[in-house]
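As provided, start-v8.cif (mmCIF, C-alpha atoms) reads as follows.
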data_start
loop_
_atom_site.group_PDB
_atom_site.id
_atom_site.type_symbol
_atom_site.label_atom_id
_atom_site.label_comp_id
_atom_site.auth_asym_id
_atom_site.auth_seq_id
_atom_site.Cartn_x
_atom_site.Cartn_y
_atom_site.Cartn_z
ATOM 1 C CA MET A 28 124.155 90.209 87.187
ATOM 2 C CA THR A 29 120.519 91.084 87.897
ATOM 3 C CA GLN A 30 120.628 89.113 91.135
ATOM 4 C CA LEU A 31 123.919 90.773 92.086
ATOM 5 C CA ILE A 32 122.420 94.237 91.640
ATOM 6 C CA ALA A 33 119.300 93.244 93.576
ATOM 7 C CA MET A 34 121.434 91.936 96.451
ATOM 8 C CA ALA A 35 123.492 95.136 96.503
ATOM 9 C CA VAL A 36 120.395 97.356 96.522
ATOM 10 C CA PHE A 37 118.802 95.313 99.309
ATOM 11 C CA ALA A 38 122.022 95.460 101.333
ATOM 12 C CA PHE A 39 122.348 99.224 100.863
ATOM 13 C CA VAL A 40 118.752 100.102 101.735
ATOM 14 C CA THR A 41 118.705 97.949 104.861
ATOM 15 C CA SER A 42 122.213 98.908 106.018
ATOM 16 C CA ILE A 43 121.988 102.676 105.546
ATOM 17 C CA SER A 44 118.579 103.054 107.199
ATOM 18 C CA PRO A 45 118.480 104.299 110.810
ATOM 19 C CA GLY A 46 118.860 101.623 113.445
ATOM 20 C CA PRO A 47 120.528 100.952 116.799
ATOM 21 C CA VAL A 48 123.955 100.097 115.347
ATOM 22 C CA ASN A 49 124.033 103.181 113.112
ATOM 23 C CA ILE A 50 122.910 105.469 115.924
ATOM 24 C CA ILE A 51 125.655 104.138 118.188
ATOM 25 C CA ALA A 52 128.156 104.694 115.347
ATOM 26 C CA THR A 53 127.013 108.316 115.065
ATOM 27 C CA VAL A 54 127.301 108.887 118.812
ATOM 28 C CA THR A 55 130.741 107.257 118.934
ATOM 29 C CA GLY A 56 131.937 109.220 115.912
ATOM 30 C CA ALA A 57 130.787 112.481 117.474
ATOM 31 C CA ASN A 58 132.287 111.734 120.873
ATOM 32 C CA CYS A 59 135.416 109.792 119.966
ATOM 33 C CA GLY A 60 136.304 110.352 116.296
ATOM 34 C CA TYR A 61 136.462 107.839 113.442
ATOM 35 C CA ILE A 62 139.540 105.832 114.491
ATOM 36 C CA ARG A 63 138.046 104.928 117.854
ATOM 37 C CA THR A 64 134.773 104.040 116.101
ATOM 38 C CA VAL A 65 136.439 101.483 113.787
ATOM 39 C CA PRO A 66 136.198 98.588 116.316
ATOM 40 C CA HIS A 67 132.440 99.151 116.586
ATOM 41 C CA ILE A 68 132.082 99.367 112.795
ATOM 42 C CA THR A 69 134.153 96.213 112.250
ATOM 43 C CA GLY A 70 132.466 94.269 115.028
ATOM 44 C CA ALA A 71 128.965 95.256 113.922
ATOM 45 C CA THR A 72 129.752 94.268 110.322
ATOM 46 C CA ILE A 73 131.165 90.900 111.375
ATOM 47 C CA GLY A 74 128.204 90.377 113.689
ATOM 48 C CA PHE A 75 125.626 91.025 110.994
ATOM 49 C CA VAL A 76 127.334 88.921 108.329
ATOM 50 C CA SER A 77 127.700 86.029 110.782
ATOM 51 C CA ILE A 78 123.947 86.150 111.472
ATOM 52 C CA LEU A 79 123.245 86.216 107.744
ATOM 53 C CA PHE A 80 125.549 83.260 107.102
ATOM 54 C CA LEU A 81 124.175 81.117 109.930
ATOM 55 C CA LEU A 82 120.576 81.782 108.916
ATOM 56 C CA GLY A 83 121.365 80.919 105.313
ATOM 57 C CA PHE A 84 123.219 77.787 106.416
ATOM 58 C CA GLY A 85 120.149 76.406 108.141
ATOM 59 C CA LEU A 86 119.496 78.354 111.350
ATOM 60 C CA ALA A 87 116.496 80.093 109.744
ATOM 61 C CA LYS A 88 114.722 76.737 109.436
ATOM 62 C CA VAL A 89 115.392 75.965 113.117
ATOM 63 C CA ILE A 90 114.086 79.368 114.223
ATOM 64 C CA ASN A 91 110.913 78.985 112.154
ATOM 65 C CA GLU A 92 110.220 75.584 113.692
ATOM 66 C CA VAL A 93 110.539 76.738 117.321
ATOM 67 C CA PRO A 94 107.420 78.607 118.485
ATOM 68 C CA TYR A 95 107.972 82.028 120.056
ATOM 69 C CA LEU A 96 111.777 81.842 119.650
ATOM 70 C CA THR A 97 111.952 84.850 117.326
ATOM 71 C CA GLU A 98 109.684 86.895 119.597
ATOM 72 C CA SER A 99 111.738 85.972 122.664
ATOM 73 C CA LEU A 100 115.011 86.924 120.966
ATOM 74 C CA THR A 101 113.463 90.215 119.879
ATOM 75 C CA TYR A 102 112.509 91.226 123.406
ATOM 76 C CA ILE A 103 115.758 90.028 124.994
ATOM 77 C CA GLY A 104 117.820 91.926 122.441
ATOM 78 C CA GLY A 105 115.531 94.921 122.660
ATOM 79 C CA CYS A 106 115.966 95.152 126.432
ATOM 80 C CA PHE A 107 119.742 95.123 125.963
ATOM 81 C CA LEU A 108 119.511 97.911 123.390
ATOM 82 C CA LEU A 109 117.274 99.945 125.693
ATOM 83 C CA TYR A 110 120.024 99.624 128.295
ATOM 84 C CA LEU A 111 122.497 100.895 125.675
ATOM 85 C CA ALA A 112 120.138 103.804 124.961
ATOM 86 C CA TYR A 113 120.278 104.721 128.642
ATOM 87 C CA LYS A 114 124.091 104.484 128.625
ATOM 88 C CA VAL A 115 124.275 106.717 125.540
ATOM 89 C CA ALA A 116 121.964 109.314 127.076
ATOM 90 C CA MET A 117 123.868 109.343 130.379
ATOM 91 C CA GLN A 118 127.328 109.248 128.794
ATOM 92 C CA ASN A 119 130.023 111.270 130.548
ATOM 93 C CA THR A 120 130.705 114.454 128.602
ATOM 94 C CA LYS A 121 133.677 115.825 130.514
ATOM 95 C CA ILE A 122 136.102 117.535 128.117
ATOM 96 C CA SER A 123 139.705 116.450 128.565
ATOM 97 C CA ASP A 124 142.841 118.555 128.094
ATOM 98 C CA ASN A 125 143.040 117.716 124.370
ATOM 99 C CA SER A 126 139.480 119.020 123.839
ATOM 100 C CA GLU A 127 138.147 115.482 123.358
ATOM 101 C CA PRO A 128 135.147 114.283 125.394
ATOM 102 C CA ASP A 129 136.181 111.725 127.996
ATOM 103 C CA VAL A 130 134.069 108.727 126.918
ATOM 104 C CA ASN A 131 134.632 105.046 126.238
ATOM 105 C CA ALA A 132 134.226 103.830 122.656
ATOM 106 C CA PRO A 133 132.580 100.427 122.014
ATOM 107 C CA SER A 134 134.960 97.513 121.459
ATOM 108 C CA LEU A 135 134.906 95.050 118.553
ATOM 109 C CA VAL A 136 133.200 92.416 120.720
ATOM 110 C CA GLN A 137 130.582 94.938 121.818
ATOM 111 C CA GLY A 138 129.984 95.759 118.151
ATOM 112 C CA VAL A 139 129.391 92.068 117.400
ATOM 113 C CA MET A 140 127.025 91.706 120.359
ATOM 114 C CA CYS A 141 125.220 94.874 119.352
ATOM 115 C CA GLN A 142 124.189 93.118 116.131
ATOM 116 C CA TRP A 143 123.502 89.735 117.714
ATOM 117 C CA LEU A 144 121.131 91.394 120.182
ATOM 118 C CA ASN A 145 119.673 93.747 117.573
ATOM 119 C CA PRO A 146 116.148 92.715 116.469
ATOM 120 C CA LYS A 147 116.547 94.710 113.246
ATOM 121 C CA ALA A 148 119.576 92.607 112.255
ATOM 122 C CA TRP A 149 117.622 89.364 112.633
ATOM 123 C CA ILE A 150 114.562 90.713 110.807
ATOM 124 C CA VAL A 151 116.656 91.994 107.877
ATOM 125 C CA SER A 152 118.718 88.794 107.710
ATOM 126 C CA LEU A 153 115.641 86.554 107.719
ATOM 127 C CA ALA A 154 114.065 88.690 105.000
ATOM 128 C CA GLY A 155 117.239 88.599 102.910
ATOM 129 C CA ILE A 156 117.627 84.843 103.190
ATOM 130 C CA SER A 157 113.986 84.257 102.285
ATOM 131 C CA VAL A 158 114.336 86.411 99.158
ATOM 132 C CA PHE A 159 117.840 85.612 97.904
ATOM 133 C CA SER A 160 118.591 82.174 99.309
ATOM 134 C CA SER A 161 116.954 78.938 100.391
ATOM 135 C CA HIS A 162 117.826 75.560 101.881
ATOM 136 C CA ASP A 163 118.598 74.144 98.423
ATOM 137 C CA ALA A 164 120.595 77.163 97.181
ATOM 138 C CA GLU A 165 124.260 76.655 96.401
ATOM 139 C CA ILE A 166 126.751 77.755 99.038
ATOM 140 C CA HIS A 167 128.468 80.204 96.693
ATOM 141 C CA THR A 168 125.219 82.209 96.426
ATOM 142 C CA LEU A 169 125.119 82.574 100.200
ATOM 143 C CA LEU A 170 128.814 83.492 100.340
ATOM 144 C CA LEU A 171 128.316 86.094 97.605
ATOM 145 C CA PHE A 172 125.386 87.595 99.531
ATOM 146 C CA CYS A 173 127.498 87.712 102.710
ATOM 147 C CA ALA A 174 130.430 89.332 100.859
ATOM 148 C CA ILE A 175 128.162 92.034 99.396
ATOM 149 C CA PHE A 176 126.639 92.718 102.782
ATOM 150 C CA PHE A 177 130.070 92.918 104.433
ATOM 151 C CA ILE A 178 131.208 95.677 102.062
ATOM 152 C CA VAL A 179 127.931 97.600 102.069
ATOM 153 C CA CYS A 180 127.361 97.241 105.810
ATOM 154 C CA TYR A 181 130.877 98.458 106.662
ATOM 155 C CA ALA A 182 130.517 101.449 104.339
ATOM 156 C CA SER A 183 127.048 102.325 105.662
ATOM 157 C CA ILE A 184 128.005 102.223 109.328
ATOM 158 C CA SER A 185 131.111 104.247 108.477
ATOM 159 C CA ALA A 186 128.894 106.863 106.823
ATOM 160 C CA TRP A 187 126.917 107.247 110.047
ATOM 161 C CA ALA A 188 130.169 107.574 112.005
ATOM 162 C CA VAL A 189 131.330 110.296 109.609
ATOM 163 C CA LEU A 190 127.985 112.041 110.144
ATOM 164 C CA GLY A 191 128.750 112.046 113.855
ATOM 165 C CA ILE A 192 132.200 113.504 113.204
ATOM 166 C CA THR A 193 130.604 116.260 111.094
ATOM 167 C CA ILE A 194 128.225 117.078 113.945
ATOM 168 C CA ARG A 195 131.217 117.543 116.286
ATOM 169 C CA VAL A 196 131.702 121.029 114.866
ATOM 170 C CA ILE A 197 128.811 122.298 116.992
ATOM 171 C CA LEU A 198 129.627 120.123 119.998
ATOM 172 C CA ASN A 199 132.341 122.355 121.385
ATOM 173 C CA ILE A 200 131.073 122.643 124.943
ATOM 174 C CA PRO A 201 129.946 119.962 127.436
ATOM 175 C CA LYS A 202 126.327 121.183 127.414
ATOM 176 C CA HIS A 203 126.074 120.575 123.665
ATOM 177 C CA TYR A 204 127.506 117.066 124.055
ATOM 178 C CA LYS A 205 124.998 116.367 126.803
ATOM 179 C CA ILE A 206 122.039 117.485 124.675
ATOM 180 C CA PHE A 207 123.346 115.473 121.704
ATOM 181 C CA ASN A 208 123.811 112.306 123.748
ATOM 182 C CA LEU A 209 120.387 112.653 125.368
ATOM 183 C CA THR A 210 118.776 113.123 121.944
ATOM 184 C CA MET A 211 120.584 110.147 120.411
ATOM 185 C CA GLY A 212 119.787 107.975 123.425
ATOM 186 C CA LEU A 213 116.109 108.838 123.041
ATOM 187 C CA LEU A 214 116.253 108.169 119.291
ATOM 188 C CA LEU A 215 117.874 104.785 119.942
ATOM 189 C CA ALA A 216 115.132 103.892 122.431
ATOM 190 C CA ILE A 217 112.449 104.905 119.911
ATOM 191 C CA THR A 218 113.957 102.697 117.184
ATOM 192 C CA VAL A 219 114.005 99.730 119.581
ATOM 193 C CA VAL A 220 110.367 100.231 120.598
ATOM 194 C CA TYR A 221 109.430 100.592 116.911
ATOM 195 C CA THR A 222 111.168 97.262 116.222
ATOM 196 C CA PHE A 223 108.977 95.630 118.885
ATOM 197 C CA PHE A 224 105.882 96.750 116.963
ATOM 198 C CA ILE A 225 107.006 95.678 113.476
ATOM 199 C CA SER A 226 108.128 92.263 114.748
ATOM 200 C CA GLY A 227 105.052 91.663 116.838
#
Please go through the file and, once you have read it, give me the structure as structure tokens.
Amino acid sequence: MTQLIAMAVFAFVTSISPGPVNIIATVTGANCGYIRTVPHITGATIGFVSILFLLGFGLAKVINEVPYLTESLTYIGGCFLLYLAYKVAMQNTKISDNSEPDVNAPSLVQGVMCQWLNPKAWIVSLAGISVFSSHDAEIHTLLLFCAIFFIVCYASISAWAVLGITIRVILNIPKHYKIFNLTMGLLLAITVVYTFFISG
């Protein structure tokens, strides 16, 4: 029970904290509403849990044995997320006839890739595996950790999407949407650059 609580706390703290995936969920929630954000939430949750499972199943050992692999993945993923930050900042904010901004919501596959190319996801997963699992741990411990993270991660990303929906109240004109998207794009870029420093 103690380990279960510790896993849940770790999952909550790392999932609810600001990061690229959560920022994108907030932007999508504000621009598109919750229903259109669900594919991103689902994809990002699946993406993170798949990373966690593969690392716990042995990929962590491979990564640790290959020099500079983690650093290379960090910068490749970071460059992709910086591109996403630019797309968020430059997002079309034209208001359609039904008073909804005319923007494209991320798909489930894009949500998965957002985690797979997210340095924070790899750092958190490696930390979690090192603390709560090991190469000689039983498979059910890893599966339990993944199940906890799936529930907590989905709920946390959803909370950020709901935050975006709440913000929509003040985003009633295109200029406000533009300022919001520019701000969130800049915040996303800052979180990526910060990840470069903490992983360096």
Which residues fall under the PyMOL selection byres ((chain A and resi 41-44) around 6) in this file, as a PyMOL selection string? chain A and resi 38-40+45+180+183
Find the distance between atom CA of Ile156 of chain A and atom CA of Leu79 of chain A and write it in Å to one decimal.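 These two atoms are separated by 7.4 Å.
Among the candidate residues A:Asn58, A:Cys106, A:Tyr95, A:Leu215, the one lying nearest to Pro201 of chain A is A:Asn58, with distances computed using all atoms listed in the file.
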What residues come out when you apply the PyMOL selection byres ((chain A and resi 98-105) around 7) to this file, written as a PDB file with C-alpha atoms, in the frame of the given file?
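Output contents, as saved in part_31.pdb:
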ATOM      1  CA  TYR A  95     107.972  82.028 120.056  1.00  0.00           C
ATOM      2  CA  LEU A  96     111.777  81.842 119.650  1.00  0.00           C
ATOM      3  CA  THR A  97     111.952  84.850 117.326  1.00  0.00           C
ATOM      4  CA  CYS A 106     115.966  95.152 126.432  1.00  0.00           C
ATOM      5  CA  PHE A 107     119.742  95.123 125.963  1.00  0.00           C
ATOM      6  CA  LEU A 108     119.511  97.911 123.390  1.00  0.00           C
ATOM      7  CA  LEU A 109     117.274  99.945 125.693  1.00  0.00           C
ATOM      8  CA  LEU A 144     121.131  91.394 120.182  1.00  0.00           C
ATOM      9  CA  ASN A 145     119.673  93.747 117.573  1.00  0.00           C
ATOM     10  CA  PRO A 146     116.148  92.715 116.469  1.00  0.00           C
ATOM     11  CA  VAL A 219     114.005  99.730 119.581  1.00  0.00           C
TER      12      VAL A 219
END
As a check of understanding, name the residues that the PyMOL selection byres ((chain A and resi 185-191) around 7) selects in the supplied structure, as a PyMOL selection string. chain A and resi 49+52-57+61+68+181-184+192-195
Just the residues within 9 Å of Val76 of chain A, please, counting all atoms listed in the file, with nothing from its chain fewer than 2 positions along; format it as a PyMOL selection string. chain A and resi 71-74+78-81+152+173-174+176-177+180
Just-selected residues, C-alpha atoms written as a short mmCIF file (atom, residue, chain, number, x, y, z; two decimals), in the frame of the given file:
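Saved result, part09.cif, follows:
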data_model
loop_
_atom_site.label_atom_id
_atom_site.label_comp_id
_atom_site.auth_asym_id
_atom_site.auth_seq_id
_atom_site.Cartn_x
_atom_site.Cartn_y
_atom_site.Cartn_z
CA ALA A 71 128.96 95.26 113.92
CA THR A 72 129.75 94.27 110.32
CA ILE A 73 131.16 90.90 111.38
CA GLY A 74 128.20 90.38 113.69
CA ILE A 78 123.95 86.15 111.47
CA LEU A 79 123.24 86.22 107.74
CA PHE A 80 125.55 83.26 107.10
CA LEU A 81 124.18 81.12 109.93
CA SER A 152 118.72 88.79 107.71
CA CYS A 173 127.50 87.71 102.71
CA ALA A 174 130.43 89.33 100.86
CA PHE A 176 126.64 92.72 102.78
CA PHE A 177 130.07 92.92 104.43
CA CYS A 180 127.36 97.24 105.81
#
When you look at Ile217 of chain A with a cut-off of 12 Å (counting all atoms listed in the file), what residues show up, excluding the ones that are within fewer than 2 positions of it in the same chain? I need them as a VMD selection string. chain A and resid 45 to 47 50 105 108 to 109 112 to 113 210 to 215 219 to 224
Rounded to one decimal in Å, what is the spacing between atom CA of Ala148 of chain A and atom CA of Tyr204 of chain A?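 According to the coordinates, atom CA of Ala148 of chain A and atom CA of Tyr204 of chain A are separated by 28.3 Å.
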Tell me which of A:Leu111, A:Leu82, A:Val65, A:Ala216 sits closest to Phe159 of chain A, counting all atoms listed in the file.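 Of A:Leu111, A:Leu82, A:Val65, A:Ala216, the one nearest Phe159 of chain A is A:Leu82, counting all atoms listed in the file.
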Can you work out which one of A:Ile178, A:Ala35, A:Val48, A:Val151 has the shortest atom-to-atom distance to Thr218 of chain A, counting all atoms listed in the file?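 The closest residue to Thr218 of chain A is A:Val48.
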With distances taken over all atoms listed in the file, which residue among A:Lys205, A:Leu170, A:Leu198, A:His67 lies nearest Gln137 of chain A?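 Once distances to Gln137 of chain A are computed over all atoms listed in the file, the minimum belongs to A:His67.
One finds atom CA of Val139 of chain A at 24.6 Å from atom CA of Phe207 of chain A.
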Counting only C-alpha atoms, which residue out of A:Ile197, A:Val115, A:Val179, A:Leu153 sits closest to Ile51 of chain A? A:Val115
